[in-house]
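For reference, coords-v5.txt is printed below; it contains compact mmCIF, N, CA and C atoms.
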# COMPACT_ATOMS: atom_id res chain seq x y z
N GLN B 131 126.43 122.09 70.84
CA GLN B 131 125.32 121.48 70.12
C GLN B 131 124.11 122.41 70.17
N VAL B 132 123.60 122.77 69.01
CA VAL B 132 122.46 123.66 68.94
C VAL B 132 121.18 122.90 69.28
N GLN B 133 120.38 123.51 70.15
CA GLN B 133 119.08 122.93 70.48
C GLN B 133 118.02 124.01 70.43
N LEU B 134 116.89 123.68 69.84
CA LEU B 134 115.72 124.54 69.81
C LEU B 134 114.56 123.74 70.37
N ALA B 135 113.96 124.23 71.43
CA ALA B 135 112.90 123.49 72.10
C ALA B 135 111.62 124.31 72.13
N GLU B 136 110.64 123.88 71.34
CA GLU B 136 109.35 124.57 71.31
C GLU B 136 108.47 124.12 72.46
N SER B 137 107.60 125.02 72.90
CA SER B 137 106.60 124.70 73.92
C SER B 137 105.42 125.63 73.73
N GLY B 138 104.32 125.31 74.40
CA GLY B 138 103.17 126.19 74.38
C GLY B 138 102.04 125.75 73.47
N GLY B 139 102.26 124.68 72.73
CA GLY B 139 101.18 124.19 71.88
C GLY B 139 100.06 123.60 72.70
N GLY B 140 98.96 123.30 72.04
CA GLY B 140 97.82 122.71 72.73
C GLY B 140 96.58 122.77 71.87
N SER B 141 95.44 122.54 72.52
CA SER B 141 94.16 122.55 71.83
C SER B 141 93.32 123.71 72.33
N VAL B 142 92.79 124.48 71.40
CA VAL B 142 91.94 125.62 71.73
C VAL B 142 90.76 125.66 70.78
N GLN B 143 89.75 126.40 71.16
CA GLN B 143 88.61 126.60 70.28
C GLN B 143 88.86 127.78 69.35
N SER B 144 88.13 127.79 68.28
CA SER B 144 88.24 128.87 67.32
C SER B 144 88.05 130.22 68.02
N GLY B 145 88.92 131.17 67.69
CA GLY B 145 88.89 132.47 68.33
C GLY B 145 89.80 132.60 69.53
N GLY B 146 90.35 131.49 69.96
CA GLY B 146 91.23 131.49 71.13
C GLY B 146 92.65 131.92 70.80
N SER B 147 93.49 131.88 71.84
CA SER B 147 94.87 132.33 71.71
C SER B 147 95.82 131.31 72.32
N LEU B 148 97.03 131.30 71.78
CA LEU B 148 98.13 130.52 72.34
C LEU B 148 99.40 131.32 72.15
N ARG B 149 100.37 131.08 73.01
CA ARG B 149 101.70 131.66 72.82
C ARG B 149 102.72 130.53 72.80
N LEU B 150 103.40 130.43 71.67
CA LEU B 150 104.46 129.44 71.53
C LEU B 150 105.79 130.06 71.95
N SER B 151 106.64 129.23 72.53
CA SER B 151 107.98 129.64 72.90
C SER B 151 108.99 128.69 72.27
N CYS B 152 110.17 129.21 72.01
CA CYS B 152 111.25 128.39 71.47
C CYS B 152 112.52 128.77 72.22
N ALA B 153 112.96 127.90 73.10
CA ALA B 153 114.17 128.15 73.88
C ALA B 153 115.38 127.64 73.11
N ALA B 154 116.34 128.51 72.92
CA ALA B 154 117.51 128.18 72.10
C ALA B 154 118.77 128.05 72.96
N SER B 155 119.66 127.18 72.53
CA SER B 155 120.95 127.03 73.19
C SER B 155 121.96 126.49 72.19
N GLY B 156 123.23 126.68 72.52
CA GLY B 156 124.30 126.11 71.70
C GLY B 156 124.84 127.02 70.61
N TYR B 157 124.33 128.24 70.52
CA TYR B 157 124.86 129.20 69.56
C TYR B 157 124.60 130.60 70.11
N THR B 158 125.18 131.60 69.44
CA THR B 158 125.01 132.97 69.89
C THR B 158 123.68 133.50 69.39
N PHE B 159 122.70 133.47 70.26
CA PHE B 159 121.30 133.69 69.89
C PHE B 159 121.09 134.97 69.10
N TRP B 160 121.66 136.06 69.59
CA TRP B 160 121.29 137.36 69.01
C TRP B 160 121.86 137.56 67.61
N THR B 161 122.77 136.73 67.20
CA THR B 161 123.39 136.89 65.88
C THR B 161 122.59 136.25 64.76
N CYS B 162 121.53 135.53 65.09
CA CYS B 162 120.80 134.77 64.08
C CYS B 162 119.37 135.26 63.90
N SER B 163 118.93 135.30 62.67
CA SER B 163 117.51 135.47 62.41
C SER B 163 116.79 134.18 62.77
N MET B 164 115.48 134.31 63.02
CA MET B 164 114.71 133.14 63.42
C MET B 164 113.34 133.17 62.77
N GLY B 165 112.70 132.02 62.77
CA GLY B 165 111.38 131.96 62.16
C GLY B 165 110.52 130.87 62.75
N TRP B 166 109.24 130.98 62.47
CA TRP B 166 108.26 129.95 62.81
C TRP B 166 107.70 129.39 61.50
N PHE B 167 107.59 128.10 61.46
CA PHE B 167 106.99 127.39 60.34
C PHE B 167 105.89 126.49 60.86
N ARG B 168 105.05 126.03 59.96
CA ARG B 168 104.03 125.06 60.37
C ARG B 168 103.79 124.08 59.23
N GLN B 169 103.33 122.90 59.63
CA GLN B 169 102.98 121.88 58.66
C GLN B 169 101.70 121.18 59.10
N ALA B 170 100.70 121.31 58.28
CA ALA B 170 99.42 120.66 58.54
C ALA B 170 99.41 119.29 57.86
N PRO B 171 98.57 118.37 58.34
CA PRO B 171 98.53 117.04 57.74
C PRO B 171 98.25 117.11 56.24
N GLY B 172 99.08 116.43 55.46
CA GLY B 172 98.88 116.38 54.03
C GLY B 172 99.31 117.62 53.27
N LYS B 173 99.90 118.58 53.97
CA LYS B 173 100.32 119.82 53.32
C LYS B 173 101.82 120.02 53.49
N GLU B 174 102.36 120.86 52.65
CA GLU B 174 103.77 121.19 52.74
C GLU B 174 104.01 122.17 53.90
N ARG B 175 105.22 122.13 54.40
CA ARG B 175 105.60 123.08 55.44
C ARG B 175 105.58 124.50 54.87
N GLU B 176 105.09 125.44 55.66
CA GLU B 176 105.02 126.83 55.21
C GLU B 176 105.59 127.76 56.26
N GLY B 177 106.18 128.83 55.80
CA GLY B 177 106.69 129.84 56.71
C GLY B 177 105.55 130.67 57.27
N VAL B 178 105.58 130.92 58.56
CA VAL B 178 104.53 131.68 59.23
C VAL B 178 105.01 133.09 59.56
N ALA B 179 106.16 133.19 60.17
CA ALA B 179 106.67 134.49 60.60
C ALA B 179 108.18 134.40 60.73
N HIS B 180 108.83 135.56 60.49
CA HIS B 180 110.28 135.62 60.58
C HIS B 180 110.68 136.89 61.30
N ILE B 181 111.82 136.82 61.98
CA ILE B 181 112.34 137.99 62.68
C ILE B 181 113.86 138.00 62.53
N ASN B 182 114.41 139.15 62.15
CA ASN B 182 115.85 139.18 61.97
C ASN B 182 116.54 139.70 63.23
N THR B 183 117.83 139.92 63.12
CA THR B 183 118.60 140.33 64.30
C THR B 183 118.28 141.74 64.75
N TYR B 184 117.63 142.51 63.88
CA TYR B 184 117.21 143.87 64.24
C TYR B 184 115.76 143.90 64.71
N SER B 185 115.18 142.70 64.83
CA SER B 185 113.78 142.53 65.21
C SER B 185 112.81 143.05 64.17
N ASN B 186 113.26 143.13 62.93
CA ASN B 186 112.33 143.38 61.83
C ASN B 186 111.58 142.08 61.56
N THR B 187 110.29 142.20 61.28
CA THR B 187 109.45 141.02 61.17
C THR B 187 108.77 140.91 59.80
N ASP B 188 108.37 139.70 59.49
CA ASP B 188 107.67 139.42 58.25
C ASP B 188 106.70 138.29 58.52
N TYR B 189 105.50 138.37 57.91
CA TYR B 189 104.46 137.39 58.19
C TYR B 189 103.85 136.85 56.90
N ALA B 190 103.38 135.63 56.98
CA ALA B 190 102.56 135.09 55.90
C ALA B 190 101.25 135.86 55.88
N ASP B 191 100.69 136.03 54.69
CA ASP B 191 99.44 136.77 54.57
C ASP B 191 98.33 136.16 55.43
N SER B 192 98.35 134.85 55.57
CA SER B 192 97.27 134.16 56.28
C SER B 192 97.25 134.45 57.78
N VAL B 193 98.35 134.97 58.32
CA VAL B 193 98.41 135.21 59.76
C VAL B 193 98.59 136.69 60.12
N LYS B 194 98.75 137.53 59.12
CA LYS B 194 98.96 138.96 59.39
C LYS B 194 97.80 139.53 60.20
N GLY B 195 98.15 140.29 61.23
CA GLY B 195 97.13 140.90 62.07
C GLY B 195 96.65 139.99 63.18
N ARG B 196 97.03 138.70 63.14
CA ARG B 196 96.59 137.75 64.18
C ARG B 196 97.79 137.21 64.98
N PHE B 197 98.91 137.02 64.32
CA PHE B 197 100.10 136.44 64.96
C PHE B 197 101.16 137.53 65.13
N THR B 198 101.94 137.41 66.19
CA THR B 198 103.05 138.32 66.44
C THR B 198 104.28 137.52 66.84
N ILE B 199 105.36 137.71 66.10
CA ILE B 199 106.63 137.07 66.43
C ILE B 199 107.49 138.06 67.20
N SER B 200 108.21 137.56 68.19
CA SER B 200 109.11 138.41 68.96
C SER B 200 110.26 137.57 69.50
N ARG B 201 111.27 138.24 69.97
CA ARG B 201 112.42 137.53 70.51
C ARG B 201 112.94 138.25 71.74
N ASP B 202 113.46 137.49 72.68
CA ASP B 202 114.09 138.03 73.87
C ASP B 202 115.53 137.53 73.87
N ASN B 203 116.43 138.40 73.48
CA ASN B 203 117.83 137.98 73.35
C ASN B 203 118.46 137.63 74.70
N ASP B 204 118.00 138.27 75.77
CA ASP B 204 118.54 137.95 77.09
C ASP B 204 118.13 136.55 77.52
N LYS B 205 116.90 136.17 77.21
CA LYS B 205 116.40 134.84 77.58
C LYS B 205 116.68 133.80 76.51
N LYS B 206 117.22 134.25 75.37
CA LYS B 206 117.49 133.34 74.25
C LYS B 206 116.23 132.57 73.86
N THR B 207 115.15 133.30 73.74
CA THR B 207 113.86 132.68 73.47
C THR B 207 113.13 133.42 72.37
N LEU B 208 112.52 132.66 71.49
CA LEU B 208 111.67 133.17 70.42
C LEU B 208 110.22 132.90 70.79
N TYR B 209 109.34 133.82 70.44
CA TYR B 209 107.92 133.67 70.77
C TYR B 209 107.06 133.82 69.52
N LEU B 210 105.88 133.23 69.60
CA LEU B 210 104.84 133.46 68.60
C LEU B 210 103.51 133.58 69.34
N GLN B 211 103.01 134.79 69.41
CA GLN B 211 101.69 135.02 70.00
C GLN B 211 100.65 134.84 68.90
N MET B 212 99.73 133.93 69.14
CA MET B 212 98.72 133.61 68.14
C MET B 212 97.35 133.94 68.70
N ASN B 213 96.69 134.90 68.09
CA ASN B 213 95.34 135.31 68.49
C ASN B 213 94.34 134.99 67.39
N SER B 214 93.07 135.01 67.74
CA SER B 214 91.99 134.76 66.78
C SER B 214 92.26 133.50 65.98
N LEU B 215 92.63 132.46 66.67
CA LEU B 215 92.98 131.21 65.99
C LEU B 215 91.79 130.62 65.25
N GLU B 216 92.09 130.00 64.13
CA GLU B 216 91.10 129.39 63.24
C GLU B 216 91.44 127.93 63.06
N PRO B 217 90.46 127.11 62.72
CA PRO B 217 90.77 125.69 62.48
C PRO B 217 91.87 125.49 61.43
N GLU B 218 91.97 126.42 60.49
CA GLU B 218 93.00 126.32 59.45
C GLU B 218 94.41 126.52 60.00
N ASP B 219 94.52 126.99 61.23
CA ASP B 219 95.83 127.15 61.86
C ASP B 219 96.33 125.85 62.49
N THR B 220 95.51 124.83 62.49
CA THR B 220 95.92 123.54 63.06
C THR B 220 97.11 122.97 62.30
N ALA B 221 98.17 122.69 63.03
CA ALA B 221 99.41 122.21 62.41
C ALA B 221 100.43 121.92 63.50
N VAL B 222 101.52 121.31 63.09
CA VAL B 222 102.69 121.25 63.95
C VAL B 222 103.53 122.49 63.65
N TYR B 223 103.88 123.21 64.69
CA TYR B 223 104.64 124.46 64.54
C TYR B 223 106.09 124.22 64.93
N TYR B 224 106.99 124.70 64.08
CA TYR B 224 108.42 124.52 64.28
C TYR B 224 109.11 125.88 64.36
N CYS B 225 110.09 126.00 65.22
CA CYS B 225 110.94 127.17 65.16
C CYS B 225 112.23 126.81 64.45
N ALA B 226 112.84 127.81 63.85
CA ALA B 226 114.06 127.61 63.08
C ALA B 226 114.99 128.79 63.33
N ALA B 227 116.28 128.54 63.20
CA ALA B 227 117.27 129.57 63.49
C ALA B 227 118.37 129.61 62.45
N CYS B 228 118.92 130.81 62.30
CA CYS B 228 120.11 131.03 61.48
C CYS B 228 119.85 130.79 60.00
N ALA B 229 119.20 131.75 59.38
CA ALA B 229 118.94 131.67 57.95
C ALA B 229 120.23 131.90 57.18
N SER B 230 120.42 131.11 56.17
CA SER B 230 121.59 131.23 55.30
C SER B 230 121.21 130.79 53.91
N SER B 231 121.44 131.67 52.93
CA SER B 231 121.13 131.35 51.53
C SER B 231 119.69 130.90 51.36
N GLY B 232 118.80 131.55 52.08
CA GLY B 232 117.38 131.28 51.89
C GLY B 232 116.81 130.13 52.68
N SER B 233 117.61 129.47 53.48
CA SER B 233 117.09 128.38 54.30
C SER B 233 117.64 128.48 55.71
N TYR B 234 116.95 127.86 56.65
CA TYR B 234 117.38 127.88 58.03
C TYR B 234 118.26 126.68 58.33
N GLU B 235 119.24 126.92 59.19
CA GLU B 235 120.21 125.88 59.49
C GLU B 235 119.75 124.94 60.61
N TYR B 236 119.04 125.49 61.59
CA TYR B 236 118.66 124.68 62.76
C TYR B 236 117.15 124.67 62.92
N TRP B 237 116.65 123.51 63.39
CA TRP B 237 115.20 123.32 63.53
C TRP B 237 114.88 122.65 64.86
N GLY B 238 113.72 123.03 65.41
CA GLY B 238 113.22 122.35 66.58
C GLY B 238 112.41 121.12 66.20
N GLN B 239 111.91 120.43 67.23
CA GLN B 239 111.16 119.20 67.01
C GLN B 239 109.69 119.44 66.73
N GLY B 240 109.20 120.62 67.04
CA GLY B 240 107.81 120.95 66.74
C GLY B 240 106.88 120.83 67.94
N THR B 241 105.80 121.59 67.90
CA THR B 241 104.76 121.51 68.91
C THR B 241 103.41 121.58 68.21
N GLN B 242 102.48 120.74 68.65
CA GLN B 242 101.19 120.61 67.98
C GLN B 242 100.24 121.71 68.44
N VAL B 243 99.59 122.34 67.47
CA VAL B 243 98.52 123.29 67.74
C VAL B 243 97.26 122.78 67.05
N THR B 244 96.20 122.63 67.82
CA THR B 244 94.94 122.15 67.28
C THR B 244 93.84 123.14 67.63
N VAL B 245 93.15 123.61 66.61
CA VAL B 245 92.07 124.59 66.79
C VAL B 245 90.77 123.94 66.33
N SER B 246 89.82 123.87 67.22
CA SER B 246 88.54 123.26 66.90
C SER B 246 87.48 124.33 66.67
N SER B 247 86.54 124.01 65.81
CA SER B 247 85.48 124.98 65.48
C SER B 247 84.32 124.89 66.44
Give the structure from the file, written as C-alpha cells.
Amino acid sequence: QVQLAESGGGSVQSGGSLRLSCAASGYTFWTCSMGWFRQAPGKEREGVAHINTYSNTDYADSVKGRFTISRDNDKKTLYLQMNSLEPEDTAVYYCAACASSGSYEYWGQGTQVTVSS
C-alpha cells in the first residue's frame, strides 16, 4: 500500500522559511518522479515543483528562486525548502508520486502552510 506523509507545515511571517517533507512507502521510491502541489482556499490546485528520477527539477514561475525541491532516495523522502515566503504562498501543500500520462498516481493528505504579513 502506497503512503505519502507530508510534514513540516506551519505558520510563519512573511519572509520566513519552512521545509516540507514527504515520507514515502509502499513502492520503489527511486523509480518515480515526484512533485509538490498546493491549493489555496477558493482556488484550484496548482503544481509548485517537480523532480524526476534523475533529479531534474521544474518550478512554477511564482516560486522560482524561492523554493527548492529535492529528494533523498536512501531515506525515501521528498523535500520542499521554501524561503522568502509570502502571504500568497498560504495553502495546503500536497506531495505526489509517480507521474503517468501527465498526472500523478499517488497523493498525500496535505500539510497546511500559513504565511502572515
Given all atoms listed in the file as the basis, pick out the residue of B:Leu215, B:Ser151, B:Ala227, B:Arg168 nearest to Val245 in chain B. B:Leu215
Find the residues near Ala229 in chain B: any atom within 7 Å, counting all atoms listed in the file, skip ones fewer than 5 places away on the same chain, and give them as a list of chain:residue names.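 In the requested form, the answer reads B:Cys162, B:Ser163, B:Met164, B:Tyr234, B:Glu235, B:Tyr236.
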Same residues, N, CA and C atoms, saved as a short mmCIF file (atom, residue, chain, number, x, y, z; two decimals), keeping the file's coordinate frame:
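The result, stored in result_27.cif:
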data_model
loop_
_atom_site.label_atom_id
_atom_site.label_comp_id
_atom_site.auth_asym_id
_atom_site.auth_seq_id
_atom_site.Cartn_x
_atom_site.Cartn_y
_atom_site.Cartn_z
N CYS B 162 121.53 135.53 65.09
CA CYS B 162 120.80 134.77 64.08
C CYS B 162 119.37 135.26 63.90
N SER B 163 118.93 135.30 62.67
CA SER B 163 117.51 135.47 62.41
C SER B 163 116.79 134.18 62.77
N MET B 164 115.48 134.31 63.02
CA MET B 164 114.71 133.14 63.42
C MET B 164 113.34 133.17 62.77
N TYR B 234 116.95 127.86 56.65
CA TYR B 234 117.38 127.88 58.03
C TYR B 234 118.26 126.68 58.33
N GLU B 235 119.24 126.92 59.19
CA GLU B 235 120.21 125.88 59.49
C GLU B 235 119.75 124.94 60.61
N TYR B 236 119.04 125.49 61.59
CA TYR B 236 118.66 124.68 62.76
C TYR B 236 117.15 124.67 62.92
#
I'd like to know which residues of chain B are helix (DSSP H, G or I) (by DSSP, run on the backbone); could you write them as a ChimeraX atom specification? /B:159-161,217-219
Can you list, as a PyMOL selection string, every protein, DNA or RNA residue that comes within 8 Å of Ser200 in chain B when you count only N, CA and C atoms, leaving out same-chain residues fewer than 4 positions away? chain B and resi 180-181+185+187+207-211
Name all residues at most 10 Å from Tyr223 in chain B (count only C-alpha atoms; drop same-chain ones fewer than 5 positions away) and give them as a list in words.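 Counting only C-alpha atoms, the residues come to Glu136, Ser137, Gly139, Leu150, Trp166, Phe167, Arg168, Gln169, Ala170, Arg175, Glu176, Gly177, Val178, Leu210, Gly238, Gln239, Gly240, Thr241, Gln242 and Val243 of chain B.
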Neighbour list for Ser247 in chain B as a list in words, cut-off 6 Å, all atoms listed in the file, skip fewer than 2 positions in-chain: Gln143, Ser144, Pro217 and Val245 of chain B
When distances are computed from only N, CA and C atoms, which of B:Asn213, B:Gln131, B:Thr244, B:Ser231 shows the smallest separation from Thr198 in chain B?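 Among the listed residues, B:Asn213 lies closest to Thr198 in chain B.
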